[in-house]
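S.K.: Data: entry-v5.cif, mmCIF, C-alpha atoms.
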```cif
data_final
#
loop_
_atom_site.group_PDB
_atom_site.id
_atom_site.type_symbol
_atom_site.label_atom_id
_atom_site.label_comp_id
_atom_site.auth_asym_id
_atom_site.auth_seq_id
_atom_site.Cartn_x
_atom_site.Cartn_y
_atom_site.Cartn_z
ATOM 1 C CA MET Z 243 -34.083 105.974 47.018
ATOM 2 C CA THR Z 244 -34.919 107.023 50.583
ATOM 3 C CA THR Z 245 -33.289 110.242 51.796
ATOM 4 C CA ALA Z 246 -31.341 109.983 55.041
ATOM 5 C CA VAL Z 247 -33.321 111.803 57.711
ATOM 6 C CA HIS Z 248 -30.544 114.274 58.558
ATOM 7 C CA LEU Z 249 -30.545 115.395 54.897
ATOM 8 C CA ASP Z 250 -34.303 115.847 54.596
ATOM 9 C CA PRO Z 251 -35.207 119.522 53.948
ATOM 10 C CA ALA Z 252 -38.878 118.813 54.681
ATOM 11 C CA VAL Z 253 -38.351 118.272 58.427
ATOM 12 C CA ARG Z 254 -36.956 120.316 61.299
ATOM 13 C CA HIS Z 255 -33.355 119.901 62.448
ATOM 14 C CA ASP Z 256 -31.472 121.081 65.550
ATOM 15 C CA ILE Z 257 -27.690 120.892 65.269
ATOM 16 C CA VAL Z 258 -24.850 121.157 67.787
ATOM 17 C CA LEU Z 259 -21.390 122.223 66.572
ATOM 18 C CA LEU Z 260 -18.240 121.870 68.688
ATOM 19 C CA PHE Z 261 -14.917 123.334 67.577
ATOM 20 C CA ASP Z 262 -11.679 124.306 69.257
ATOM 21 C CA ILE Z 263 -8.742 126.656 68.799
ATOM 22 C CA THR Z 264 -5.128 126.382 69.869
ATOM 23 C CA ASP Z 265 -2.833 129.425 70.050
ATOM 24 C CA GLY Z 266 -4.981 131.609 67.852
ATOM 25 C CA ASN Z 267 -7.693 134.259 67.731
ATOM 26 C CA PRO Z 268 -11.054 132.779 66.693
ATOM 27 C CA ASN Z 269 -12.869 136.113 66.384
ATOM 28 C CA GLY Z 270 -11.227 139.427 67.204
ATOM 29 C CA ASP Z 271 -13.199 142.457 68.373
ATOM 30 C CA PRO Z 272 -12.331 145.519 66.222
ATOM 31 C CA ASP Z 273 -13.522 147.816 69.022
ATOM 32 C CA ALA Z 274 -10.946 146.295 71.400
ATOM 33 C CA GLY Z 275 -7.788 146.200 69.299
ATOM 34 C CA ASN Z 276 -8.778 142.817 67.814
ATOM 35 C CA ARG Z 277 -8.778 141.187 71.265
ATOM 36 C CA PRO Z 278 -10.589 137.822 71.242
ATOM 37 C CA ARG Z 279 -14.259 138.349 71.984
ATOM 38 C CA MET Z 280 -15.364 137.301 75.429
ATOM 39 C CA ASP Z 281 -18.160 137.609 77.965
ATOM 40 C CA SER Z 282 -16.928 140.374 80.269
ATOM 41 C CA GLU Z 283 -18.819 138.918 83.243
ATOM 42 C CA THR Z 284 -17.847 135.256 83.002
ATOM 43 C CA GLY Z 285 -14.693 135.377 80.907
ATOM 44 C CA HIS Z 286 -16.035 132.812 78.450
ATOM 45 C CA GLY Z 287 -14.832 133.207 74.876
ATOM 46 C CA LEU Z 288 -17.343 134.199 72.205
ATOM 47 C CA MET Z 289 -17.504 133.876 68.438
ATOM 48 C CA THR Z 290 -20.282 135.704 66.640
ATOM 49 C CA ASP Z 291 -22.808 134.019 64.387
ATOM 50 C CA VAL Z 292 -21.628 136.419 61.669
ATOM 51 C CA ALA Z 293 -18.079 135.034 61.900
ATOM 52 C CA ILE Z 294 -19.324 131.434 61.709
ATOM 53 C CA LYS Z 295 -21.493 132.192 58.679
ATOM 54 C CA ARG Z 296 -18.550 133.961 57.028
ATOM 55 C CA LYS Z 297 -16.542 130.752 57.226
ATOM 56 C CA ILE Z 298 -19.460 128.802 55.767
ATOM 57 C CA ARG Z 299 -19.794 131.322 52.942
ATOM 58 C CA ASP Z 300 -16.075 131.120 52.175
ATOM 59 C CA THR Z 301 -15.971 127.310 52.154
ATOM 60 C CA LEU Z 302 -19.305 126.224 50.654
ATOM 61 C CA PRO Z 303 -18.364 127.151 47.048
ATOM 62 C CA LEU Z 304 -15.223 125.005 47.398
ATOM 63 C CA ALA Z 305 -17.350 121.997 48.360
ATOM 64 C CA CYS Z 306 -19.916 122.370 45.564
ATOM 65 C CA GLY Z 307 -17.567 121.479 42.703
ATOM 66 C CA ASP Z 308 -18.699 122.842 39.344
ATOM 67 C CA ASP Z 309 -22.227 123.835 40.378
ATOM 68 C CA ILE Z 310 -21.363 127.522 40.768
ATOM 69 C CA GLU Z 311 -24.679 128.698 39.298
ATOM 70 C CA ARG Z 312 -26.535 127.417 42.367
ATOM 71 C CA TYR Z 313 -23.797 128.016 44.926
ATOM 72 C CA GLY Z 314 -22.893 131.623 44.359
ATOM 73 C CA ILE Z 315 -22.314 133.757 47.474
ATOM 74 C CA PHE Z 316 -24.310 136.965 47.848
ATOM 75 C CA VAL Z 317 -22.352 138.537 50.726
ATOM 76 C CA GLU Z 318 -18.883 138.407 49.195
ATOM 77 C CA ALA Z 319 -15.903 140.729 49.481
ATOM 78 C CA GLY Z 320 -15.470 143.070 46.533
ATOM 79 C CA TYR Z 321 -19.061 142.899 45.277
ATOM 80 C CA ALA Z 322 -21.772 145.497 45.908
ATOM 81 C CA LEU Z 323 -25.040 144.016 47.163
ATOM 82 C CA ASN Z 324 -27.217 146.540 45.310
ATOM 83 C CA THR Z 325 -25.667 145.541 41.979
ATOM 84 C CA ARG Z 326 -26.467 141.888 42.587
ATOM 85 C CA LEU Z 327 -30.030 142.666 43.623
ATOM 86 C CA GLU Z 328 -30.586 144.803 40.543
ATOM 87 C CA GLU Z 329 -29.495 141.841 38.433
ATOM 88 C CA ALA Z 330 -32.686 140.057 39.537
ATOM 89 C CA TYR Z 331 -34.684 142.826 37.820
ATOM 90 C CA GLU Z 332 -32.457 143.149 34.762
ATOM 91 C CA THR Z 333 -32.470 139.405 34.094
ATOM 92 C CA HIS Z 334 -36.257 139.492 33.821
ATOM 93 C CA GLY Z 335 -36.377 142.792 31.919
ATOM 94 C CA TRP Z 336 -38.125 144.751 34.671
ATOM 95 C CA GLU Z 337 -37.783 148.468 35.327
ATOM 96 C CA LEU Z 338 -35.779 149.510 38.374
ATOM 97 C CA GLU Z 339 -37.145 152.077 40.806
ATOM 98 C CA GLU Z 340 -35.645 155.528 40.313
ATOM 99 C CA GLN Z 341 -33.711 156.989 43.232
ATOM 100 C CA GLY Z 342 -34.465 160.529 44.321
ATOM 101 C CA LYS Z 343 -38.131 160.264 43.416
ATOM 102 C CA LYS Z 344 -41.161 159.267 45.411
ATOM 103 C CA ARG Z 345 -41.059 155.552 46.061
ATOM 104 C CA GLN Z 346 -43.213 153.607 43.638
ATOM 105 C CA ARG Z 347 -43.744 149.925 43.042
ATOM 106 C CA THR Z 348 -42.449 149.011 39.608
ATOM 107 C CA ILE Z 349 -43.122 145.270 39.812
ATOM 108 C CA THR Z 350 -46.123 143.264 40.939
ATOM 109 C CA PRO Z 351 -46.124 141.072 44.066
ATOM 110 C CA GLU Z 352 -45.977 138.038 41.783
ATOM 111 C CA GLN Z 353 -42.910 139.409 40.015
ATOM 112 C CA ALA Z 354 -41.269 140.211 43.355
ATOM 113 C CA GLU Z 355 -41.778 136.593 44.415
ATOM 114 C CA GLN Z 356 -40.250 135.458 41.134
ATOM 115 C CA ALA Z 357 -37.219 137.690 41.713
ATOM 116 C CA ARG Z 358 -36.765 136.374 45.262
ATOM 117 C CA ALA Z 359 -36.904 132.801 43.947
ATOM 118 C CA TRP Z 360 -34.246 133.667 41.344
ATOM 119 C CA LEU Z 361 -31.964 135.110 44.020
ATOM 120 C CA CYS Z 362 -32.496 132.093 46.292
ATOM 121 C CA HIS Z 363 -31.564 129.721 43.493
ATOM 122 C CA ARG Z 364 -28.456 131.686 42.493
ATOM 123 C CA TYR Z 365 -27.043 132.540 45.935
ATOM 124 C CA ALA Z 366 -26.639 129.756 48.471
ATOM 125 C CA ASP Z 367 -26.234 132.098 51.450
ATOM 126 C CA ILE Z 368 -29.586 133.774 50.696
ATOM 127 C CA ARG Z 369 -31.168 130.343 50.396
ATOM 128 C CA LEU Z 370 -29.687 129.227 53.713
ATOM 129 C CA PHE Z 371 -29.445 132.369 55.842
ATOM 130 C CA GLY Z 372 -31.816 134.862 54.218
ATOM 131 C CA ALA Z 373 -31.118 138.501 53.327
ATOM 132 C CA VAL Z 374 -32.521 142.029 53.344
ATOM 133 C CA LEU Z 375 -33.392 142.832 49.728
ATOM 134 C CA SER Z 376 -35.277 146.123 50.102
ATOM 135 C CA VAL Z 377 -32.323 148.438 49.467
ATOM 136 C CA GLY Z 378 -31.393 150.840 46.691
ATOM 137 C CA LYS Z 379 -33.634 150.367 43.670
ATOM 138 C CA THR Z 380 -35.145 147.037 44.754
ATOM 139 C CA ASN Z 381 -37.413 148.106 47.621
ATOM 140 C CA ALA Z 382 -40.249 145.916 46.369
ATOM 141 C CA LEU Z 383 -38.287 142.735 47.149
ATOM 142 C CA GLY Z 384 -38.598 143.048 50.939
ATOM 143 C CA GLN Z 385 -36.565 140.459 52.825
ATOM 144 C CA ILE Z 386 -36.081 136.711 53.045
ATOM 145 C CA ARG Z 387 -35.958 134.981 56.419
ATOM 146 C CA GLY Z 388 -33.390 132.234 56.247
ATOM 147 C CA PRO Z 389 -34.229 128.688 57.379
ATOM 148 C CA PHE Z 390 -30.829 128.206 59.061
ATOM 149 C CA GLN Z 391 -30.186 130.281 62.171
ATOM 150 C CA VAL Z 392 -26.820 130.166 63.945
ATOM 151 C CA THR Z 393 -26.194 131.115 67.568
ATOM 152 C CA MET Z 394 -23.075 132.795 68.888
ATOM 153 C CA ALA Z 395 -20.474 130.229 69.918
ATOM 154 C CA ARG Z 396 -19.359 130.193 73.555
ATOM 155 C CA SER Z 397 -16.331 128.488 75.094
ATOM 156 C CA MET Z 398 -16.818 125.733 77.639
ATOM 157 C CA GLU Z 399 -14.628 127.523 80.173
ATOM 158 C CA PRO Z 400 -13.263 131.054 80.641
ATOM 159 C CA ILE Z 401 -10.429 131.967 78.299
ATOM 160 C CA VAL Z 402 -7.286 133.992 79.050
ATOM 161 C CA PRO Z 403 -6.415 136.097 75.971
ATOM 162 C CA MET Z 404 -2.694 136.739 75.559
ATOM 163 C CA ASP Z 405 -1.200 139.796 73.861
ATOM 164 C CA HIS Z 406 2.075 139.094 72.047
ATOM 165 C CA ALA Z 407 4.473 141.825 70.922
ATOM 166 C CA ILE Z 408 6.028 141.060 67.548
ATOM 167 C CA THR Z 409 8.631 142.782 65.404
ATOM 168 C CA ARG Z 410 9.228 143.083 61.688
ATOM 169 C CA VAL Z 411 12.687 143.553 60.150
ATOM 170 C CA THR Z 412 11.598 146.285 57.744
ATOM 171 C CA GLN Z 413 9.569 149.468 57.928
ATOM 172 C CA THR Z 414 6.337 150.436 56.282
ATOM 173 C CA ARG Z 415 7.617 153.871 55.234
ATOM 174 C CA GLN Z 416 10.908 154.755 53.520
ATOM 175 C CA ALA Z 417 11.190 157.843 55.731
ATOM 176 C CA ASP Z 418 11.513 155.632 58.801
ATOM 177 C CA ILE Z 419 14.363 153.685 57.192
ATOM 178 C CA ASP Z 420 16.086 156.953 56.286
ATOM 179 C CA ARG Z 421 15.969 157.909 59.969
ATOM 180 C CA GLY Z 422 17.852 154.726 60.815
ATOM 181 C CA GLU Z 423 14.982 152.628 62.166
ATOM 182 C CA SER Z 424 15.499 148.929 61.461
ATOM 183 C CA THR Z 425 12.469 147.204 62.958
ATOM 184 C CA GLU Z 426 8.769 147.865 63.423
ATOM 185 C CA MET Z 427 6.717 146.758 66.406
ATOM 186 C CA GLY Z 428 3.335 145.110 66.231
ATOM 187 C CA GLY Z 429 1.145 142.788 68.248
ATOM 188 C CA LYS Z 430 -1.254 139.861 68.028
ATOM 189 C CA TRP Z 431 -3.792 138.294 70.373
ATOM 190 C CA THR Z 432 -4.175 134.576 70.944
ATOM 191 C CA VAL Z 433 -6.200 132.163 73.059
ATOM 192 C CA PRO Z 434 -3.964 129.318 74.349
ATOM 193 C CA TYR Z 435 -6.850 126.877 74.036
ATOM 194 C CA GLY Z 436 -10.618 127.024 73.889
ATOM 195 C CA LEU Z 437 -13.387 124.540 73.105
ATOM 196 C CA TYR Z 438 -16.441 126.346 71.738
ATOM 197 C CA ARG Z 439 -20.047 125.320 71.211
ATOM 198 C CA ALA Z 440 -22.640 126.741 68.812
ATOM 199 C CA GLU Z 441 -26.122 125.612 67.842
ATOM 200 C CA ILE Z 442 -27.822 125.736 64.446
ATOM 201 C CA SER Z 443 -31.555 125.433 63.861
ATOM 202 C CA TYR Z 444 -33.326 124.656 60.600
ATOM 203 C CA SER Z 445 -36.935 125.603 59.870
ATOM 204 C CA ALA Z 446 -38.429 123.358 57.185
ATOM 205 C CA ALA Z 447 -41.269 125.822 56.621
ATOM 206 C CA ARG Z 448 -38.794 128.533 55.622
ATOM 207 C CA GLY Z 449 -36.545 126.082 53.798
ATOM 208 C CA THR Z 450 -39.438 125.121 51.542
ATOM 209 C CA LYS Z 451 -39.869 128.786 50.596
ATOM 210 C CA THR Z 452 -36.192 129.383 49.801
ATOM 211 C CA GLY Z 453 -35.674 126.094 47.943
ATOM 212 C CA VAL Z 454 -33.308 124.226 50.247
ATOM 213 C CA ASP Z 455 -32.682 120.696 48.978
ATOM 214 C CA THR Z 456 -30.858 117.535 50.037
ATOM 215 C CA ARG Z 457 -27.590 118.563 48.377
ATOM 216 C CA ASP Z 458 -27.613 121.809 50.349
ATOM 217 C CA PHE Z 459 -27.646 119.740 53.535
ATOM 218 C CA GLU Z 460 -24.888 117.442 52.286
ATOM 219 C CA LEU Z 461 -22.634 120.367 51.410
ATOM 220 C CA LEU Z 462 -23.445 122.285 54.584
ATOM 221 C CA TYR Z 463 -22.516 119.354 56.816
ATOM 222 C CA ARG Z 464 -19.323 118.813 54.820
ATOM 223 C CA THR Z 465 -18.533 122.513 55.099
ATOM 224 C CA LEU Z 466 -19.095 122.554 58.874
ATOM 225 C CA GLU Z 467 -16.710 119.617 59.197
ATOM 226 C CA MET Z 468 -13.961 121.024 56.949
ATOM 227 C CA MET Z 469 -14.310 124.822 56.972
ATOM 228 C CA PHE Z 470 -11.531 125.495 59.462
ATOM 229 C CA ASP Z 471 -9.089 123.557 57.288
ATOM 230 C CA HIS Z 472 -9.775 126.029 54.471
ATOM 231 C CA ASP Z 473 -9.556 129.121 56.654
ATOM 232 C CA ARG Z 474 -6.001 128.847 57.937
ATOM 233 C CA THR Z 475 -4.181 132.053 58.831
ATOM 234 C CA ALA Z 476 -1.287 132.829 61.143
ATOM 235 C CA SER Z 477 -3.583 134.777 63.466
ATOM 236 C CA ARG Z 478 -6.177 132.008 63.866
ATOM 237 C CA GLY Z 479 -3.768 129.321 64.970
ATOM 238 C CA ALA Z 480 -5.157 125.790 64.733
ATOM 239 C CA MET Z 481 -8.943 125.465 64.596
ATOM 240 C CA CYS Z 482 -10.910 122.304 63.897
ATOM 241 C CA THR Z 483 -14.388 120.849 64.215
ATOM 242 C CA ARG Z 484 -14.605 118.410 67.149
ATOM 243 C CA GLY Z 485 -18.282 117.506 67.139
ATOM 244 C CA LEU Z 486 -21.293 117.790 64.825
ATOM 245 C CA TYR Z 487 -24.609 116.316 65.944
ATOM 246 C CA ALA Z 488 -27.939 116.615 64.103
ATOM 247 C CA PHE Z 489 -31.274 115.977 65.829
ATOM 248 C CA SER Z 490 -33.838 115.459 63.078
ATOM 249 C CA HIS Z 491 -37.593 115.506 63.597
ATOM 250 C CA ALA Z 492 -40.354 113.595 61.847
ATOM 251 C CA ASP Z 493 -42.062 116.634 60.363
ATOM 252 C CA ALA Z 494 -41.670 120.356 59.772
ATOM 253 C CA PHE Z 495 -43.126 121.415 63.118
ATOM 254 C CA GLY Z 496 -40.983 119.136 65.246
ATOM 255 C CA ASN Z 497 -41.432 116.530 67.957
ATOM 256 C CA ALA Z 498 -39.658 118.161 70.908
ATOM 257 C CA PRO Z 499 -38.333 121.558 72.025
ATOM 258 C CA ALA Z 500 -34.853 122.253 70.673
ATOM 259 C CA HIS Z 501 -33.241 122.765 74.078
ATOM 260 C CA LYS Z 502 -34.348 119.341 75.302
ATOM 261 C CA LEU Z 503 -32.439 117.809 72.409
ATOM 262 C CA THR Z 504 -29.312 119.963 72.272
ATOM 263 C CA GLU Z 505 -28.859 119.610 76.052
ATOM 264 C CA ARG Z 506 -28.211 115.920 75.417
ATOM 265 C CA VAL Z 507 -24.757 116.909 74.141
ATOM 266 C CA GLN Z 508 -22.763 117.483 77.327
ATOM 267 C CA VAL Z 509 -19.131 118.623 77.583
ATOM 268 C CA THR Z 510 -17.270 118.110 80.867
ATOM 269 C CA ARG Z 511 -13.667 118.288 82.003
ATOM 270 C CA ALA Z 512 -11.798 114.986 81.857
ATOM 271 C CA THR Z 513 -8.750 116.339 83.708
ATOM 272 C CA ASP Z 514 -8.131 118.333 86.888
ATOM 273 C CA GLN Z 515 -10.030 121.614 86.579
ATOM 274 C CA ALA Z 516 -7.329 123.312 88.641
ATOM 275 C CA GLU Z 517 -5.104 123.005 85.568
ATOM 276 C CA PRO Z 518 -5.938 125.018 82.434
ATOM 277 C CA ALA Z 519 -7.237 123.027 79.473
ATOM 278 C CA ARG Z 520 -4.754 122.936 76.614
ATOM 279 C CA ARG Z 521 -6.101 120.205 74.323
ATOM 280 C CA PHE Z 522 -9.331 118.517 73.291
ATOM 281 C CA GLY Z 523 -8.405 115.462 75.357
ATOM 282 C CA ASP Z 524 -8.880 117.560 78.493
ATOM 283 C CA TYR Z 525 -12.635 117.325 77.857
ATOM 284 C CA THR Z 526 -15.159 114.532 77.574
ATOM 285 C CA VAL Z 527 -18.107 114.807 75.193
ATOM 286 C CA ALA Z 528 -21.084 112.663 76.165
ATOM 287 C CA VAL Z 529 -24.153 112.381 73.925
ATOM 288 C CA ASN Z 530 -27.279 110.943 75.496
ATOM 289 C CA ASP Z 531 -29.016 109.116 72.657
ATOM 290 C CA ALA Z 532 -31.185 106.935 74.898
ATOM 291 C CA ALA Z 533 -34.971 107.293 74.902
ATOM 292 C CA LEU Z 534 -35.107 110.070 72.330
ATOM 293 C CA PRO Z 535 -38.549 111.673 71.949
ATOM 294 C CA HIS Z 536 -40.795 109.830 69.519
ATOM 295 C CA GLY Z 537 -40.001 110.845 65.957
ATOM 296 C CA VAL Z 538 -36.559 112.314 66.705
ATOM 297 C CA THR Z 539 -33.417 110.802 65.176
ATOM 298 C CA LEU Z 540 -29.834 111.632 66.162
ATOM 299 C CA THR Z 541 -27.050 111.559 63.563
ATOM 300 C CA LYS Z 542 -23.471 111.859 64.805
ATOM 301 C CA LEU Z 543 -21.666 113.412 61.851
ATOM 302 C CA VAL Z 544 -18.438 114.249 63.704
ATOM 303 C CA SER Z 545 -17.754 112.714 67.094
#
```
Using the file provided, produce a representation of the structure as structure tokens.

M.R.:
Amino acid sequence: MTTAVHLDPAVRHDIVLLFDITDGNPNGDPDAGNRPRMDSETGHGLMTDVAIKRKIRDTLPLACGDDIERYGIFVEAGYALNTRLEEAYETHGWELEEQGKKRQRTITPEQAEQARAWLCHRYADIRLFGAVLSVGKTNALGQIRGPFQVTMARSMEPIVPMDHAITRVTQTRQADIDRGESTEMGGKWTVPYGLYRAEISYSAARGTKTGVDTRDFELLYRTLEMMFDHDRTASRGAMCTRGLYAFSHADAFGNAPAHKLTERVQVTRATDQAEPARRFGDYTVAVNDAALPHGVTLTKLVS
């Protein structure tokens, strides 16, 4: 059976992701009181690549079904990274480096490669995004460069973050109730509306090394389409994927520069720009699929 080109791990892919938010905070800045991140010069909203990958990490195991042995998540709340890295040694019966002593290599380069392959097979986020492995007692493992690289997402237009004061009908501390206080003040930030764009690149050369396969692509695309539905919170408002476009090449090196492909996905205002955008229908998404470079195929996964 022939593999669909957008699922082929042996060729390069350049992906455009569009998503929007309504009355929520897509990515708060902890250094600014959780205010939505934004470009201070242009006012455009920002969402870090780390935040996007966190949503993928949280959703991918839900999409994989029962195959948890191959779709474990390495960077996961409540689990120490060193402990998981040491498991790669312990599983193979290798000696761990001793802390507090002069660094020494306790495994051969061939064994280190075997341990990296074991980690890539077990943890999907290492296989997709890479990881630094040379920490604690596993210095010999070095690092893995992930085949999927995600850019920061940027809104199509400047955003206007709004700070809302909120109250709660009970106190955190009993002492405050004893003093007669009946409510507690708080606050939350929201963006009335924002349409964001991010780009994802896939290197087949690196994907071959980490063991990316066709099912990884299937689950990743499904995750990118559905991840906001599985990440609902009161603070994030309504978020959803509005566009997902994959430009696939004929080989691992590629047939055209990435920017010449991703620039074919254009977002423009469909309504009067003097009025603030408040819904997806205020924009028009146009994808130029005419006269694609030889060897490049466009797959519109969400449009």

S.K.: Have a look at Z:Glu283, Z:Lys451, Z:Gly436, Z:Thr393 and name the one nearest to Arg520 in chain Z; count all atoms listed in the file.

M.R.: Z:Gly436

S.K.: Identify all residues satisfying the PyMOL selection byres ((chain Z and resi 269-280) around 7) in the given file; provide them as an mmCIF file with C-alpha atoms, in the coordinates of the input.

M.R.:
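What landed in result-v1.cif:
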```
data_model
loop_
_atom_site.group_PDB
_atom_site.id
_atom_site.type_symbol
_atom_site.label_atom_id
_atom_site.label_comp_id
_atom_site.auth_asym_id
_atom_site.auth_seq_id
_atom_site.Cartn_x
_atom_site.Cartn_y
_atom_site.Cartn_z
ATOM 1 C CA ASN Z 267 -7.693 134.259 67.731
ATOM 2 C CA PRO Z 268 -11.054 132.779 66.693
ATOM 3 C CA ASP Z 281 -18.160 137.609 77.965
ATOM 4 C CA SER Z 282 -16.928 140.374 80.269
ATOM 5 C CA GLY Z 285 -14.693 135.377 80.907
ATOM 6 C CA HIS Z 286 -16.035 132.812 78.450
ATOM 7 C CA GLY Z 287 -14.832 133.207 74.876
ATOM 8 C CA LEU Z 288 -17.343 134.199 72.205
ATOM 9 C CA MET Z 289 -17.504 133.876 68.438
ATOM 10 C CA ALA Z 293 -18.079 135.034 61.900
ATOM 11 C CA PRO Z 403 -6.415 136.097 75.971
ATOM 12 C CA TRP Z 431 -3.792 138.294 70.373
#
```

S.K.: Hey, which of Z:Gly335, Z:Pro351, Z:Gly453, Z:Pro434 ends up closest to Gly388 in chain Z? Count only C-alpha atoms.

M.R.: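 Checking each candidate against Gly388 in chain Z, we get Z:Gly453 as the closest.
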
S.K.: In Å, with one decimal, what is the gap from CA of Tyr487 in chain Z to CA of Arg364 in chain Z?

M.R.: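 Atom-to-atom, CA of Tyr487 in chain Z and CA of Arg364 in chain Z are spaced 28.3 Å apart.
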
S.K.: Looking at all atoms listed in the file, which of Z:His334, Z:Arg478, Z:His536, Z:Lys430 is the one that sits closest to Ile263 in chain Z?

M.R.: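 The answer is Z:Arg478, which sits nearest to Ile263 in chain Z.
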
S.K.: Report, in Å to a single decimal, how far apart CA of Tyr525 in chain Z and CA of Tyr438 in chain Z are.

M.R.: 11.5 Å

S.K.: Which residues fall under the PyMOL selection byres ((chain Z and resi 316) around 10) in this file, as a PyMOL selection string?

M.R.: chain Z and resi 299+313-315+317-319+321-323+326-327+361-362+364-369+373

S.K.: Measuring between all atoms listed in the file, which one of Z:Ala359, Z:Leu370, Z:Leu543, Z:Ala494 shows the shortest distance to Pro389 in chain Z?

M.R.: Z:Leu370

S.K.: Calculated over all atoms listed in the file, which of the candidates Z:Val544, Z:Ala533, Z:Ile294, Z:Ala246 has the smallest distance to Val392 in chain Z?

M.R.: Z:Ile294

S.K.: Let me know the residues the PyMOL selection byres ((chain Z and resi 498) around 10) catches in the file above, as a count of residues only.

M.R.: 14

S.K.: How far is it from CA of Thr333 in chain Z to CA of Phe371 in chain Z, in Å with one decimal?

M.R.: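 One can read the CA of Thr333 in chain Z to CA of Phe371 in chain Z distance as 23.1 Å.
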
S.K.: Looking at Z:Asp308, Z:Glu423, Z:Glu328, Z:Asp418, which one is nearest to Ser376 in chain Z, with distances taken over all atoms listed in the file?

M.R.: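 Answer, going by the shortest atom-to-atom distance: Z:Glu328.
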
S.K.: Pull the neighbourhood of (-24.0, 113.7, 66.7) for me: all residues within 8 Å in file coordinates, counting only C-alpha atoms, as a list in words.

M.R.: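 I get Val258, Gly485, Leu486, Tyr487, Ala488, Phe489, Val529, Leu540, Thr541, Lys542, Leu543, Val544 and Ser545 of chain Z for the residues within 8 Å of that point.
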
S.K.: Would you list the contacts of Thr465 in chain Z as a list in words, taking every protein, DNA or RNA residue within 12 Å and counting only C-alpha atoms, but skipping same-chain residues closer than 4 positions in sequence?

M.R.: Leu259, Ile294, Lys295, Arg296, Lys297, Ile298, Arg299, Asp300, Thr301, Leu302, Pro303, Leu304, Ala305, Cys306, Arg457, Asp458, Phe459, Glu460, Leu461, Met469, Phe470, Asp471, His472, Asp473, Cys482, Thr483, Leu486, Leu543 and Val544 of chain Z

S.K.: Pull C-alpha atoms from the residues just selected and write them as a short mmCIF file (atom, residue, chain, number, x, y, z; two decimals), in the frame of the given file.

M.R.:
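Once written, out08.cif looks like this:
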```
data_model
loop_
_atom_site.label_atom_id
_atom_site.label_comp_id
_atom_site.auth_asym_id
_atom_site.auth_seq_id
_atom_site.Cartn_x
_atom_site.Cartn_y
_atom_site.Cartn_z
CA LEU Z 259 -21.39 122.22 66.57
CA ILE Z 294 -19.32 131.43 61.71
CA LYS Z 295 -21.49 132.19 58.68
CA ARG Z 296 -18.55 133.96 57.03
CA LYS Z 297 -16.54 130.75 57.23
CA ILE Z 298 -19.46 128.80 55.77
CA ARG Z 299 -19.79 131.32 52.94
CA ASP Z 300 -16.08 131.12 52.18
CA THR Z 301 -15.97 127.31 52.15
CA LEU Z 302 -19.30 126.22 50.65
CA PRO Z 303 -18.36 127.15 47.05
CA LEU Z 304 -15.22 125.00 47.40
CA ALA Z 305 -17.35 122.00 48.36
CA CYS Z 306 -19.92 122.37 45.56
CA ARG Z 457 -27.59 118.56 48.38
CA ASP Z 458 -27.61 121.81 50.35
CA PHE Z 459 -27.65 119.74 53.54
CA GLU Z 460 -24.89 117.44 52.29
CA LEU Z 461 -22.63 120.37 51.41
CA MET Z 469 -14.31 124.82 56.97
CA PHE Z 470 -11.53 125.50 59.46
CA ASP Z 471 -9.09 123.56 57.29
CA HIS Z 472 -9.78 126.03 54.47
CA ASP Z 473 -9.56 129.12 56.65
CA CYS Z 482 -10.91 122.30 63.90
CA THR Z 483 -14.39 120.85 64.22
CA LEU Z 486 -21.29 117.79 64.82
CA LEU Z 543 -21.67 113.41 61.85
CA VAL Z 544 -18.44 114.25 63.70
#
```
